[in-house]
file protein06.cif (mmCIF, C-alpha atoms)
data_target
loop_
_atom_site.label_atom_id
_atom_site.label_comp_id
_atom_site.auth_asym_id
_atom_site.auth_seq_id
_atom_site.Cartn_x
_atom_site.Cartn_y
_atom_site.Cartn_z
CA MET R 76 0.00 0.00 0.00
CA ILE R 77 1.02 3.59 -0.43
CA ALA R 78 0.85 3.81 3.36
CA HIS R 79 4.08 1.84 3.48
CA VAL R 80 5.81 4.57 1.51
CA ALA R 81 4.46 7.45 3.56
CA GLU R 82 4.88 5.88 6.97
CA ALA R 83 8.38 4.50 6.49
CA SER R 84 9.70 7.88 5.27
CA GLU R 85 11.85 6.07 2.76
CA LEU R 86 13.57 8.58 0.53
CA SER R 87 14.28 6.03 -2.15
CA GLY R 88 12.36 3.78 -4.47
CA ARG R 89 11.35 3.51 -8.08
CA VAL R 90 8.58 4.36 -10.48
CA VAL R 91 8.38 1.66 -13.14
CA LEU R 92 7.09 3.47 -16.23
CA TRP R 93 5.61 1.08 -18.81
CA LEU R 94 6.07 2.59 -22.26
CA ASP R 95 4.40 1.76 -25.55
CA PRO R 96 6.78 2.76 -28.38
CA GLU R 97 3.83 3.32 -30.71
CA ALA R 98 2.51 6.17 -28.54
CA ASN R 99 3.55 9.81 -28.37
CA TYR R 100 4.50 11.15 -24.96
CA PRO R 101 4.22 14.91 -24.60
CA ALA R 102 5.79 16.41 -21.49
CA SER R 103 2.34 16.95 -19.96
CA ARG R 104 1.70 13.18 -19.94
CA LEU R 105 5.02 12.44 -18.27
CA GLU R 106 4.73 15.11 -15.58
CA ALA R 107 2.82 12.88 -13.14
CA PRO R 108 5.25 9.94 -12.91
CA VAL R 109 8.26 12.25 -12.79
CA ARG R 110 6.73 14.48 -10.10
CA LEU R 111 5.76 11.35 -8.16
CA ALA R 112 9.35 10.14 -8.30
CA ALA R 113 10.65 13.58 -7.29
CA ALA R 114 8.27 13.76 -4.32
CA TYR R 115 9.67 10.53 -2.87
CA GLY R 116 13.30 10.99 -3.90
CA ALA R 117 12.87 8.04 -6.25
CA GLU R 118 14.09 7.22 -9.73
CA ILE R 119 12.26 6.37 -12.93
CA GLU R 120 12.89 3.09 -14.71
CA THR R 121 11.16 2.78 -18.04
CA VAL R 122 10.33 -0.64 -19.42
CA VAL R 123 9.48 -1.61 -22.99
CA VAL R 124 8.38 -5.17 -23.73
CA SER R 125 9.79 -6.21 -27.08
CA ASP R 126 7.45 -9.15 -27.63
CA GLY R 127 5.02 -11.14 -25.53
CA SER R 128 2.25 -12.76 -27.51
CA ALA R 129 1.06 -14.51 -24.35
CA GLY R 130 0.43 -11.18 -22.68
CA GLU R 131 -1.42 -9.89 -25.73
CA ALA R 132 -3.68 -12.93 -25.68
CA GLU R 133 -4.63 -12.09 -22.10
CA GLY R 134 -5.53 -8.53 -22.99
CA VAL R 135 -2.33 -7.02 -21.62
CA PRO R 136 -0.73 -4.21 -23.65
CA VAL R 137 2.63 -5.17 -25.08
CA ARG R 138 4.69 -3.60 -27.81
CA MET R 139 2.57 -3.54 -30.95
CA VAL R 140 4.14 -2.63 -34.27
CA GLY R 141 1.63 -1.09 -36.66
CA GLN R 142 0.60 -2.62 -39.93
CA ALA R 143 2.69 -0.06 -41.81
CA ALA R 144 5.83 -1.59 -40.38
CA ARG R 145 4.89 -5.05 -41.60
CA VAL R 146 4.85 -4.02 -45.24
CA GLU R 147 7.94 -1.81 -45.31
CA LYS R 148 10.70 -2.78 -47.68
CA GLY R 149 13.48 -4.78 -46.06
CA GLY R 150 11.15 -6.95 -43.99
CA PHE R 151 12.54 -7.89 -40.59
CA VAL R 152 15.41 -5.39 -40.65
CA GLU R 153 13.14 -2.42 -41.31
CA HIS R 154 10.68 -3.75 -38.78
CA GLU R 155 13.33 -3.83 -36.06
CA ARG R 156 14.82 -0.48 -37.06
CA ARG R 157 11.43 1.16 -36.75
CA PHE R 158 10.98 -0.33 -33.28
CA GLU R 159 14.41 0.93 -32.20
CA LEU R 160 13.67 4.46 -33.42
CA LEU R 161 10.28 4.59 -31.72
CA MET R 162 11.72 3.26 -28.46
CA THR R 163 14.54 5.81 -28.55
CA ARG R 164 12.03 8.61 -29.11
CA CYS R 165 9.99 7.55 -26.06
CA ARG R 166 13.04 7.19 -23.85
CA ARG R 167 14.35 10.59 -24.86
CA ALA R 168 11.04 12.19 -23.93
CA VAL R 169 11.26 10.68 -20.42
CA ASP R 170 14.93 11.70 -20.11
CA ASP R 171 14.06 15.32 -20.93
CA VAL R 172 11.25 15.59 -18.36
CA GLY R 173 13.29 13.73 -15.75
CA ALA R 174 16.24 16.08 -16.23
CA ALA R 175 13.94 19.10 -15.81
CA HIS R 176 12.88 17.81 -12.37
CA GLY R 177 16.24 16.39 -11.28
CA VAL R 178 15.01 12.78 -11.40
CA ARG R 179 17.33 9.97 -12.42
CA VAL R 180 16.01 7.90 -15.34
CA ARG R 181 17.07 4.38 -16.34
CA HIS R 182 15.80 2.22 -19.16
CA THR R 183 15.04 -1.49 -19.47
CA LEU R 184 14.11 -3.59 -22.49
CA ALA R 185 12.28 -6.78 -21.57
CA SER R 186 10.83 -9.70 -23.49
CA GLY R 187 8.14 -12.26 -22.82
CA ASP R 188 4.94 -11.75 -20.86
CA ALA R 189 4.71 -8.09 -19.87
CA VAL R 190 3.01 -8.60 -16.50
CA ASP R 191 5.51 -11.31 -15.54
CA ARG R 192 8.44 -9.04 -16.38
CA ILE R 193 7.04 -6.09 -14.44
CA SER R 194 6.24 -8.34 -11.49
CA GLU R 195 9.82 -9.61 -11.49
CA MET R 196 11.19 -6.07 -11.66
CA CYS R 197 9.12 -5.06 -8.63
CA ASP R 198 10.13 -8.16 -6.65
CA GLU R 199 13.82 -7.73 -7.41
CA ARG R 200 14.15 -4.16 -6.20
CA GLY R 201 12.77 -2.17 -3.33
CA PRO R 202 12.02 -0.78 -0.98
CA TRP R 203 8.96 0.25 -2.94
CA ASN R 204 7.74 0.45 -6.51
CA ILE R 205 4.88 2.24 -8.22
CA VAL R 206 3.92 0.93 -11.64
CA ALA R 207 2.94 3.73 -14.02
CA LEU R 208 1.09 3.07 -17.27
CA ALA R 209 2.08 5.74 -19.75
CA ARG R 210 -1.29 5.15 -21.42
CA MET R 211 -4.16 2.70 -21.23
CA PRO R 212 -4.28 0.26 -24.13
CA ALA R 213 -6.84 0.99 -26.82
CA ALA R 214 -8.10 -2.60 -26.68
CA ARG R 215 -9.11 -4.63 -23.64
CA SER R 216 -8.45 -1.71 -21.29
CA ASP R 217 -11.00 -3.10 -18.87
CA SER R 218 -8.72 -5.97 -17.87
CA VAL R 219 -5.18 -4.60 -17.68
CA ILE R 220 -5.39 -2.84 -14.29
CA GLY R 221 -7.11 -5.84 -12.71
CA THR R 222 -4.40 -8.09 -14.14
CA LEU R 223 -1.66 -5.88 -12.72
CA LEU R 224 -3.28 -5.66 -9.29
CA ALA R 225 -3.71 -9.43 -9.16
CA ASN R 226 -0.21 -10.33 -10.33
CA VAL R 227 2.24 -7.57 -9.37
CA SER R 228 2.53 -7.99 -5.62
CA GLY R 229 5.70 -5.90 -5.31
CA ALA R 230 4.00 -2.62 -6.25
CA THR R 231 2.76 -0.21 -3.60
CA GLY R 232 0.54 1.64 -6.06
CA PHE R 233 -0.38 2.09 -9.72
CA LEU R 234 -0.40 5.33 -11.66
CA LEU R 235 -2.37 5.91 -14.83
CA CYS R 236 -0.66 8.82 -16.54
CA GLY R 237 -2.86 11.46 -18.08
CA GLU R 238 -2.39 14.86 -19.63
CA GLN R 239 -3.03 17.50 -16.99
CA ARG R 240 -5.31 20.33 -17.97
CA SER R 241 -4.82 22.04 -14.62
CA THR R 242 -1.70 24.15 -14.20
CA GLN R 243 -2.39 24.53 -10.48
CA SER R 244 -1.73 21.96 -7.79
CA ARG R 245 -5.14 20.47 -7.06
CA VAL R 246 -5.00 17.00 -5.58
CA VAL R 247 -8.34 15.21 -5.25
CA VAL R 248 -8.72 12.26 -2.87
CA ILE R 249 -11.71 9.96 -3.42
CA VAL R 250 -12.54 8.33 -0.09
CA GLU R 251 -14.50 5.09 -0.06
CA ASP R 252 -12.85 3.43 2.93
CA VAL R 253 -12.05 5.63 5.95
CA GLU R 254 -9.24 3.32 7.05
CA ARG R 255 -7.31 4.27 3.91
CA LEU R 256 -7.82 8.01 4.36
CA PRO R 257 -4.78 8.75 6.60
CA SER R 258 -2.34 7.13 4.16
CA MET R 259 -4.03 8.78 1.17
CA LEU R 260 -3.74 12.18 2.87
CA ARG R 261 -0.04 11.61 3.56
CA ALA R 262 0.47 10.83 -0.10
CA ALA R 263 -1.57 13.89 -1.09
CA GLU R 264 0.56 16.08 1.17
CA ARG R 265 3.72 14.97 -0.60
CA LEU R 266 2.22 15.38 -4.04
CA SER R 267 0.55 18.78 -3.62
CA ALA R 268 2.11 22.22 -3.52
CA PRO R 269 2.89 23.69 -0.08
CA ARG R 270 -0.25 25.06 1.61
CA ALA R 271 -2.41 24.00 -1.36
CA PRO R 272 -5.75 22.55 -0.18
CA VAL R 273 -6.53 18.89 -0.80
CA HIS R 274 -10.03 18.23 -2.10
CA ILE R 275 -11.90 15.27 -0.61
CA VAL R 276 -14.69 13.54 -2.52
CA ILE R 277 -16.77 10.85 -0.82
CA GLY R 278 -17.50 7.79 -2.94
CA ALA R 279 -20.57 5.90 -1.69
CA ASP R 280 -23.60 4.28 -3.32
CA THR R 281 -26.19 5.12 -0.66
CA ALA R 282 -27.05 8.20 1.39
CA HIS R 283 -26.47 6.24 4.61
CA ASP R 284 -22.99 5.14 3.58
CA TYR R 285 -22.19 8.62 2.30
CA ALA R 286 -23.12 10.23 5.63
CA GLU R 287 -21.17 7.64 7.62
CA ILE R 288 -18.00 7.99 5.54
CA GLU R 289 -18.23 11.77 5.54
CA GLY R 290 -18.67 11.94 9.31
CA GLN R 291 -15.69 9.69 10.01
CA SER R 292 -13.59 11.48 7.38
CA ARG R 293 -14.30 14.90 8.87
CA LEU R 294 -13.33 13.57 12.30
CA LEU R 295 -10.01 12.30 10.98
CA ALA R 296 -9.49 15.47 8.96
CA SER R 297 -9.79 17.57 12.11
CA GLU R 298 -6.55 15.98 13.31
CA SER R 299 -4.70 16.76 10.08
CA SER R 300 -2.57 19.84 9.52
CA LEU R 301 -3.47 19.80 5.83
CA PRO R 302 -5.95 22.36 4.48
CA LEU R 303 -8.86 20.19 3.35
CA ILE R 304 -11.95 20.96 1.29
CA PHE R 305 -14.87 18.52 1.39
CA GLU R 306 -16.69 18.54 -1.95
CA GLU R 307 -20.43 17.81 -1.90
CA ALA R 308 -20.70 15.10 -4.53
CA GLY R 309 -23.56 13.16 -2.99
CA PRO R 310 -24.17 9.38 -3.24
CA THR R 311 -23.86 7.66 -6.62
CA PHE R 312 -26.84 5.29 -6.07
CA GLY R 313 -24.86 2.61 -7.90
CA VAL R 314 -24.69 4.49 -11.21
CA PRO R 315 -21.40 3.62 -12.98
CA GLY R 316 -19.26 6.67 -13.66
CA ALA R 317 -21.48 8.98 -11.60
CA LEU R 318 -18.45 10.71 -10.09
CA THR R 319 -16.48 11.12 -13.32
CA GLU R 320 -18.12 14.35 -14.44
CA PHE R 321 -17.97 15.73 -10.91
CA ILE R 322 -14.24 15.07 -10.73
CA ALA R 323 -13.77 16.64 -14.15
CA ARG R 324 -15.33 19.89 -12.94
CA LEU R 325 -12.74 20.06 -10.15
CA LYS R 326 -9.93 20.07 -12.76
CA PRO R 327 -7.51 18.07 -10.60
CA SER R 328 -3.78 17.92 -11.24
CA LEU R 329 -3.83 14.45 -9.62
CA THR R 330 -6.55 12.12 -8.37
CA ILE R 331 -5.91 9.52 -5.66
CA ALA R 332 -8.44 6.68 -5.48
CA VAL R 333 -8.99 2.97 -5.05
CA PHE R 334 -9.83 0.62 -7.90
CA GLY R 335 -13.02 -1.39 -7.98
CA GLY R 336 -15.21 0.88 -5.86
CA SER R 337 -17.99 3.37 -6.48
CA ALA R 338 -15.84 5.85 -8.41
CA LEU R 339 -13.65 3.55 -10.52
CA ALA R 340 -15.51 0.27 -10.71
CA ASP R 341 -13.46 -1.26 -13.53
CA GLY R 342 -10.81 -0.57 -16.14
CA ARG R 343 -13.31 0.83 -18.61
CA GLU R 344 -14.44 3.52 -16.16
CA LEU R 345 -10.84 4.19 -15.15
CA ALA R 346 -9.89 4.86 -18.76
CA ARG R 347 -12.97 7.05 -19.23
CA ALA R 348 -12.23 9.04 -16.07
CA SER R 349 -8.66 9.66 -17.19
CA VAL R 350 -9.83 11.01 -20.55
CA VAL R 351 -12.86 13.01 -19.37
CA ALA R 352 -11.22 14.53 -16.30
CA ARG R 353 -7.81 14.82 -17.98
CA THR R 354 -6.10 13.87 -14.77
CA PRO R 355 -3.40 11.38 -13.76
CA ILE R 356 -4.89 8.81 -11.38
CA LEU R 357 -2.93 7.18 -8.57
CA LEU R 358 -4.51 3.91 -7.44
CA VAL R 359 -3.80 2.56 -3.97
CA ARG R 360 -4.32 -1.05 -2.96
#

call {"tool": "encode", "arguments": {"input": "protein06.cif", "output": "structure tokens"}}
result
Amino acid sequence: MIAHVAEASELSGRVVLWLDPEANYPASRLEAPVRLAAAYGAEIETVVVSDGSAGEAEGVPVRMVGQAARVEKGGFVEHERRFELLMTRCRRAVDDVGAAHGVRVRHTLASGDAVDRISEMCDERGPWNIVALARMPAARSDSVIGTLLANVSGATGFLLCGEQRSTQSRVVVIVEDVERLPSMLRAAERLSAPRAPVHIVIGADTAHDYAEIEGQSRLLASESSLPLIFEEAGPTFGVPGALTEFIARLKPSLTIAVFGGSALADGRELARASVVARTPILLVR
């Protein structure tokens, strides 16, 4: 859990940034993982999976070379050269943003099943890892986060990168379980600008649950030194994606939430929230 990071005060660690060479990575999309690494004194390690048909069959995004590459003259050689150029472009983009924030960046090229490789990377090195998806896959996006959560035990959190539309520090915390709130607030404190308020949104299906979570959250918040703003979202009544538009109106620079609850029930809603709200989303276990 992210609580491990905040409570242990470990000024080291790693953000494992999973890159897709076919995608473009503007600086705005890379800001979140680099700022996350900077906040914890961590480094970035990018990973590109060079093959992995098994992962693709399970709906996991691996390196996909477009159809144009398959018909270029020179066959295999041109195919591989194109991959090398695309990978170099992606790595250079991360290097540039990392250098701007004083974050060390390393690069890894892996092969085989993508989830297995990332799981091994997280098990091999500590003390903590956060797995960042540079983008959600266009296909089967509803399964990839669940697959990562189920199989990558060495990760303390998962970050879905998104292009920030907010130039101000506005961290939004979606609370669905009061026991997680203290650790989420500690993470928010590290990831927000000094003295910037943290916005709290209650995620609950019923009015009863909403009132109970809000009451307990306000009690805990009274013991925090952070400036907190409770947003009146109201219960979702079980409607999928009911909080997405509300979050979008807050224009967050980062959203901290849990996966599989009222706000982000599945990978499809997670991908939609990232696009509609234009916010990076940090998922805690």

call {"tool": "resolve_selection", "arguments": {"input": "protein06.cif", "expression": "the PyMOL selection byres ((chain R and resi 308-314) around 8)", "output": "list in words"}}
result
Val276, Ile277, Gly278, Ala279, Asp280, Thr281, Ala282, Tyr285, Glu306, Glu307, Pro315, Gly316, Ala317, Leu318, Phe321 and Ser337 of chain R

call {"tool": "closest_residue", "arguments": {"input": "protein06.cif", "among": "R:Ile331, R:Ile275, R:Val122, R:Val180", "to": "Ser194 of chain R", "atoms": "only C-alpha atoms"}}
result
R:Val122

call {"tool": "closest_residue", "arguments": {"input": "protein06.cif", "among": "R:Val333, R:Leu235, R:Ala323, R:Met196", "to": "Val253 of chain R", "atoms": "only C-alpha atoms"}}
result
R:Val333

call {"tool": "residues_near_point", "arguments": {"input": "protein06.cif", "point": "(11.3, 13.1, -5.0)", "cutoff": "10 Å", "atoms": "only C-alpha atoms", "output": "list in words"}}
result
Leu86, Ser87, Gly88, Val109, Arg110, Leu111, Ala112, Ala113, Ala114, Tyr115, Gly116, Ala117, Glu118, His176, Gly177, Val178, Arg265 and Leu266 of chain R

call {"tool": "closest_residue", "arguments": {"input": "protein06.cif", "among": "R:Leu301, R:Trp203, R:Thr330, R:Ala209", "to": "Val248 of chain R", "atoms": "only C-alpha atoms"}}
result
R:Thr330

call {"tool": "closest_residue", "arguments": {"input": "protein06.cif", "among": "R:Leu234, R:Ala263, R:Ala189, R:Leu161", "to": "Val206 of chain R", "atoms": "all atoms listed in the file"}}
result
R:Leu234

call {"tool": "atom_distance", "arguments": {"input": "protein06.cif", "atom1": "atom CA of Gly173 of chain R", "atom2": "atom CA of Val124 of chain R"}}
result
21.1 Å

call {"tool": "atom_distance", "arguments": {"input": "protein06.cif", "atom1": "atom CA of Leu345 of chain R", "atom2": "atom CA of Glu287 of chain R"}}
result
25.2 Å
